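Engineer: Let me begin by handing over the structure; questions about it come next.
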Amino acid sequence: MLKIGEFSKLCRVTVKTLRYYDEIDLLKPDTIDPDSGYRFYRPEKLAAVSEIQSLKDMGFSLEEISS
């Protein structure tokens, strides 16, 4: 499992963006530490972020992507 900061560096998306994706239910973390609030992601989710970015580059809105 990767902390949100590590995950954001690997997928080249800001931590703020990942938190927003969580907020809009587009990309949920695999777990959230109840004490620290840290979000953790499995490396397998890198492909999902790549797909989201590709769709955005093609002109799809986040609303369209989440549907």
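Here, A, B, ... name the chains of the structure tokens in the order displayed, residue numbers run from 1 inside each chain, and ligands are numbered from 1 in the same displayed order.
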Could you name the residues that touch segment 28-40 of chain A at 8 Å or less, counting only C-alpha atoms, but leaving out those on the same chain fewer than 5 positions away, as a PDB file with all heavy atoms, in the first residue's frame?
Structural biologist:
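Output saved as result_29.pdb:
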```
ATOM      1  N   MET A   1       0.838  -1.178   0.000  1.00  0.00           N
ATOM      2  CA  MET A   1       0.000   0.000   0.000  1.00  0.00           C
ATOM      3  C   MET A   1       0.889   1.249   0.000  1.00  0.00           C
ATOM      4  O   MET A   1       1.932   1.281   0.632  1.00  0.00           O
ATOM      5  CB  MET A   1      -0.873   0.013   1.242  1.00  0.00           C
ATOM      6  CG  MET A   1      -1.891  -1.102   1.280  1.00  0.00           C
ATOM      7  SD  MET A   1      -3.290  -0.732   0.282  1.00  0.00           S
ATOM      8  CE  MET A   1      -4.477  -0.502   1.528  1.00  0.00           C
ATOM      9  N   LEU A   2       0.437   2.238  -0.701  1.00  0.00           N
ATOM     10  CA  LEU A   2       1.178   3.489  -0.823  1.00  0.00           C
ATOM     11  C   LEU A   2       0.414   4.621  -0.146  1.00  0.00           C
ATOM     12  O   LEU A   2      -0.807   4.731  -0.314  1.00  0.00           O
ATOM     13  CB  LEU A   2       1.362   3.842  -2.299  1.00  0.00           C
ATOM     14  CG  LEU A   2       2.102   2.837  -3.159  1.00  0.00           C
ATOM     15  CD1 LEU A   2       1.878   3.131  -4.635  1.00  0.00           C
ATOM     16  CD2 LEU A   2       3.573   2.861  -2.835  1.00  0.00           C
ATOM     17  N   LYS A   3       1.134   5.454   0.592  1.00  0.00           N
ATOM     18  CA  LYS A   3       0.512   6.658   1.145  1.00  0.00           C
ATOM     19  C   LYS A   3       0.129   7.564  -0.018  1.00  0.00           C
ATOM     20  O   LYS A   3       0.720   7.503  -1.097  1.00  0.00           O
ATOM     21  CB  LYS A   3       1.478   7.403   2.062  1.00  0.00           C
ATOM     22  CG  LYS A   3       1.719   6.735   3.375  1.00  0.00           C
ATOM     23  CD  LYS A   3       2.629   7.612   4.218  1.00  0.00           C
ATOM     24  CE  LYS A   3       2.957   6.970   5.535  1.00  0.00           C
ATOM     25  NZ  LYS A   3       3.854   7.812   6.344  1.00  0.00           N
ATOM     26  N   ILE A   4      -0.811   8.440   0.221  1.00  0.00           N
ATOM     27  CA  ILE A   4      -1.321   9.313  -0.835  1.00  0.00           C
ATOM     28  C   ILE A   4      -0.210  10.122  -1.498  1.00  0.00           C
ATOM     29  O   ILE A   4      -0.210  10.294  -2.712  1.00  0.00           O
ATOM     30  CB  ILE A   4      -2.458  10.219  -0.300  1.00  0.00           C
ATOM     31  CG1 ILE A   4      -3.179  10.912  -1.453  1.00  0.00           C
ATOM     32  CG2 ILE A   4      -1.947  11.179   0.741  1.00  0.00           C
ATOM     33  CD1 ILE A   4      -4.454  11.645  -1.048  1.00  0.00           C
ATOM     34  N   TYR A  21     -10.887  13.497  -6.150  1.00  0.00           N
ATOM     35  CA  TYR A  21     -11.428  12.285  -6.773  1.00  0.00           C
ATOM     36  C   TYR A  21     -12.130  11.414  -5.729  1.00  0.00           C
ATOM     37  O   TYR A  21     -13.158  10.807  -6.017  1.00  0.00           O
ATOM     38  CB  TYR A  21     -10.318  11.477  -7.452  1.00  0.00           C
ATOM     39  CG  TYR A  21      -9.761  12.067  -8.719  1.00  0.00           C
ATOM     40  CD1 TYR A  21      -8.681  11.472  -9.356  1.00  0.00           C
ATOM     41  CD2 TYR A  21     -10.298  13.205  -9.313  1.00  0.00           C
ATOM     42  CE1 TYR A  21      -8.155  11.979 -10.532  1.00  0.00           C
ATOM     43  CE2 TYR A  21      -9.774  13.730 -10.485  1.00  0.00           C
ATOM     44  CZ  TYR A  21      -8.698  13.103 -11.089  1.00  0.00           C
ATOM     45  OH  TYR A  21      -8.180  13.615 -12.250  1.00  0.00           O
ATOM     46  N   ASP A  22     -11.580  11.358  -4.531  1.00  0.00           N
ATOM     47  CA  ASP A  22     -12.217  10.613  -3.440  1.00  0.00           C
ATOM     48  C   ASP A  22     -13.545  11.276  -3.077  1.00  0.00           C
ATOM     49  O   ASP A  22     -14.575  10.606  -2.941  1.00  0.00           O
ATOM     50  CB  ASP A  22     -11.281  10.568  -2.231  1.00  0.00           C
ATOM     51  CG  ASP A  22     -11.858   9.831  -1.031  1.00  0.00           C
ATOM     52  OD1 ASP A  22     -12.848   9.090  -1.178  1.00  0.00           O
ATOM     53  OD2 ASP A  22     -11.294   9.989   0.068  1.00  0.00           O
TER      54      ASP A  22
END
```
Engineer: Would you mind listing what lies within 10 Å of segment 7-19 of chain A as a PyMOL selection string, with only C-alpha atoms counted and same-chain residues fewer than 5 positions away left out?
Structural biologist: chain A and resi 1-2+24-29+39-43+45-50+53
Engineer: Write the residues of the preceding selection, restricted to N, CA, C and O atoms, as an mmCIF file, in the first residue's frame.
Structural biologist:
```cif
data_model
loop_
_atom_site.group_PDB
_atom_site.id
_atom_site.type_symbol
_atom_site.label_atom_id
_atom_site.label_comp_id
_atom_site.auth_asym_id
_atom_site.auth_seq_id
_atom_site.Cartn_x
_atom_site.Cartn_y
_atom_site.Cartn_z
ATOM 1 N N MET A 1 0.838 -1.178 0.000
ATOM 2 C CA MET A 1 0.000 0.000 0.000
ATOM 3 C C MET A 1 0.889 1.249 0.000
ATOM 4 O O MET A 1 1.932 1.281 0.632
ATOM 5 N N LEU A 2 0.437 2.238 -0.701
ATOM 6 C CA LEU A 2 1.178 3.489 -0.823
ATOM 7 C C LEU A 2 0.414 4.621 -0.146
ATOM 8 O O LEU A 2 -0.807 4.731 -0.314
ATOM 9 N N ILE A 24 -15.576 13.065 -4.847
ATOM 10 C CA ILE A 24 -16.630 12.904 -5.855
ATOM 11 C C ILE A 24 -16.856 11.432 -6.226
ATOM 12 O O ILE A 24 -17.555 11.132 -7.193
ATOM 13 N N ASP A 25 -16.246 10.534 -5.454
ATOM 14 C CA ASP A 25 -16.396 9.083 -5.655
ATOM 15 C C ASP A 25 -15.886 8.599 -7.003
ATOM 16 O O ASP A 25 -16.376 7.613 -7.545
ATOM 17 N N LEU A 26 -14.895 9.272 -7.539
ATOM 18 C CA LEU A 26 -14.301 8.860 -8.807
ATOM 19 C C LEU A 26 -13.201 7.827 -8.578
ATOM 20 O O LEU A 26 -13.107 6.844 -9.296
ATOM 21 N N LEU A 27 -12.387 8.038 -7.568
ATOM 22 C CA LEU A 27 -11.304 7.111 -7.232
ATOM 23 C C LEU A 27 -11.166 7.099 -5.715
ATOM 24 O O LEU A 27 -10.680 8.061 -5.128
ATOM 25 N N LYS A 28 -11.617 6.031 -5.113
ATOM 26 C CA LYS A 28 -11.577 5.909 -3.656
ATOM 27 C C LYS A 28 -10.256 5.268 -3.228
ATOM 28 O O LYS A 28 -9.751 4.373 -3.906
ATOM 29 N N PRO A 29 -9.706 5.701 -2.097
ATOM 30 C CA PRO A 29 -8.526 5.017 -1.568
ATOM 31 C C PRO A 29 -8.918 3.611 -1.121
ATOM 32 O O PRO A 29 -10.087 3.342 -0.845
ATOM 33 N N ARG A 39 -4.744 8.492 3.530
ATOM 34 C CA ARG A 39 -5.336 7.618 2.522
ATOM 35 C C ARG A 39 -4.235 6.731 1.957
ATOM 36 O O ARG A 39 -3.122 7.192 1.736
ATOM 37 N N PHE A 40 -4.580 5.469 1.714
ATOM 38 C CA PHE A 40 -3.629 4.508 1.160
ATOM 39 C C PHE A 40 -4.212 3.903 -0.106
ATOM 40 O O PHE A 40 -5.407 3.618 -0.174
ATOM 41 N N TYR A 41 -3.341 3.725 -1.094
ATOM 42 C CA TYR A 41 -3.747 3.199 -2.391
ATOM 43 C C TYR A 41 -2.887 1.994 -2.750
ATOM 44 O O TYR A 41 -1.697 1.975 -2.468
ATOM 45 N N ARG A 42 -3.494 1.034 -3.414
ATOM 46 C CA ARG A 42 -2.754 -0.106 -3.948
ATOM 47 C C ARG A 42 -2.145 0.326 -5.288
ATOM 48 O O ARG A 42 -2.739 1.101 -6.029
ATOM 49 N N PRO A 43 -0.962 -0.195 -5.609
ATOM 50 C CA PRO A 43 -0.322 0.161 -6.886
ATOM 51 C C PRO A 43 -1.198 -0.131 -8.103
ATOM 52 O O PRO A 43 -1.073 0.541 -9.126
ATOM 53 N N LYS A 45 -4.061 0.692 -8.647
ATOM 54 C CA LYS A 45 -4.914 1.838 -8.977
ATOM 55 C C LYS A 45 -4.213 2.860 -9.880
ATOM 56 O O LYS A 45 -4.839 3.792 -10.356
ATOM 57 N N LEU A 46 -2.921 2.673 -10.107
ATOM 58 C CA LEU A 46 -2.211 3.582 -11.012
ATOM 59 C C LEU A 46 -2.844 3.552 -12.402
ATOM 60 O O LEU A 46 -2.944 4.586 -13.064
ATOM 61 N N ALA A 47 -3.276 2.389 -12.829
ATOM 62 C CA ALA A 47 -3.905 2.268 -14.146
ATOM 63 C C ALA A 47 -5.200 3.069 -14.208
ATOM 64 O O ALA A 47 -5.513 3.679 -15.234
ATOM 65 N N ALA A 48 -5.950 3.087 -13.119
ATOM 66 C CA ALA A 48 -7.207 3.844 -13.086
ATOM 67 C C ALA A 48 -6.944 5.340 -13.214
ATOM 68 O O ALA A 48 -7.658 6.046 -13.933
ATOM 69 N N VAL A 49 -5.905 5.833 -12.558
ATOM 70 C CA VAL A 49 -5.559 7.252 -12.653
ATOM 71 C C VAL A 49 -5.126 7.574 -14.079
ATOM 72 O O VAL A 49 -5.515 8.610 -14.636
ATOM 73 N N SER A 50 -4.356 6.696 -14.679
ATOM 74 C CA SER A 50 -3.925 6.891 -16.057
ATOM 75 C C SER A 50 -5.125 6.961 -16.996
ATOM 76 O O SER A 50 -5.172 7.803 -17.897
ATOM 77 N N GLN A 53 -6.891 10.314 -16.535
ATOM 78 C CA GLN A 53 -6.137 11.386 -17.184
ATOM 79 C C GLN A 53 -6.291 11.332 -18.707
ATOM 80 O O GLN A 53 -6.443 12.368 -19.356
#
```
Engineer: Running DSSP on the backbone, which parts of chain A land in helix (DSSP H, G or I), as a VMD selection string?
Structural biologist: chain A and resid 4 to 11 15 to 23 43 to 57 62 to 66
Engineer: State, in Å with one decimal place, the distance from atom CA of Ser66 of chain A to atom CA of Ile52 of chain A.
Structural biologist: 9.1 Å
Engineer: Taking the DSSP secondary structure from the backbone, can you list the residues of chain A that are strand (DSSP E or B), as a list in words?
Structural biologist: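 Matching residues for strand (DSSP E or B) in chain A are Leu2, Lys3, Thr31, Ile32, Arg39, Phe40 and Tyr41 of chain A.
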Engineer: Using the selection just defined, write its residues with N, CA and C atoms as a PDB file, in the first residue's frame.
Structural biologist:
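Output contents, as saved in again_35.pdb:
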```
ATOM      1  N   LEU A   2       0.437   2.238  -0.701  1.00  0.00           N
ATOM      2  CA  LEU A   2       1.178   3.489  -0.823  1.00  0.00           C
ATOM      3  C   LEU A   2       0.414   4.621  -0.146  1.00  0.00           C
ATOM      4  N   LYS A   3       1.134   5.454   0.592  1.00  0.00           N
ATOM      5  CA  LYS A   3       0.512   6.658   1.145  1.00  0.00           C
ATOM      6  C   LYS A   3       0.129   7.564  -0.018  1.00  0.00           C
ATOM      7  N   THR A  31      -7.853   2.191   1.618  1.00  0.00           N
ATOM      8  CA  THR A  31      -8.104   2.274   3.057  1.00  0.00           C
ATOM      9  C   THR A  31      -7.730   3.663   3.551  1.00  0.00           C
ATOM     10  N   ILE A  32      -8.338   4.036   4.650  1.00  0.00           N
ATOM     11  CA  ILE A  32      -8.020   5.302   5.306  1.00  0.00           C
ATOM     12  C   ILE A  32      -7.709   4.981   6.758  1.00  0.00           C
ATOM     13  N   ARG A  39      -4.744   8.492   3.530  1.00  0.00           N
ATOM     14  CA  ARG A  39      -5.336   7.618   2.522  1.00  0.00           C
ATOM     15  C   ARG A  39      -4.235   6.731   1.957  1.00  0.00           C
ATOM     16  N   PHE A  40      -4.580   5.469   1.714  1.00  0.00           N
ATOM     17  CA  PHE A  40      -3.629   4.508   1.160  1.00  0.00           C
ATOM     18  C   PHE A  40      -4.212   3.903  -0.106  1.00  0.00           C
ATOM     19  N   TYR A  41      -3.341   3.725  -1.094  1.00  0.00           N
ATOM     20  CA  TYR A  41      -3.747   3.199  -2.391  1.00  0.00           C
ATOM     21  C   TYR A  41      -2.887   1.994  -2.750  1.00  0.00           C
TER      22      TYR A  41
END
```
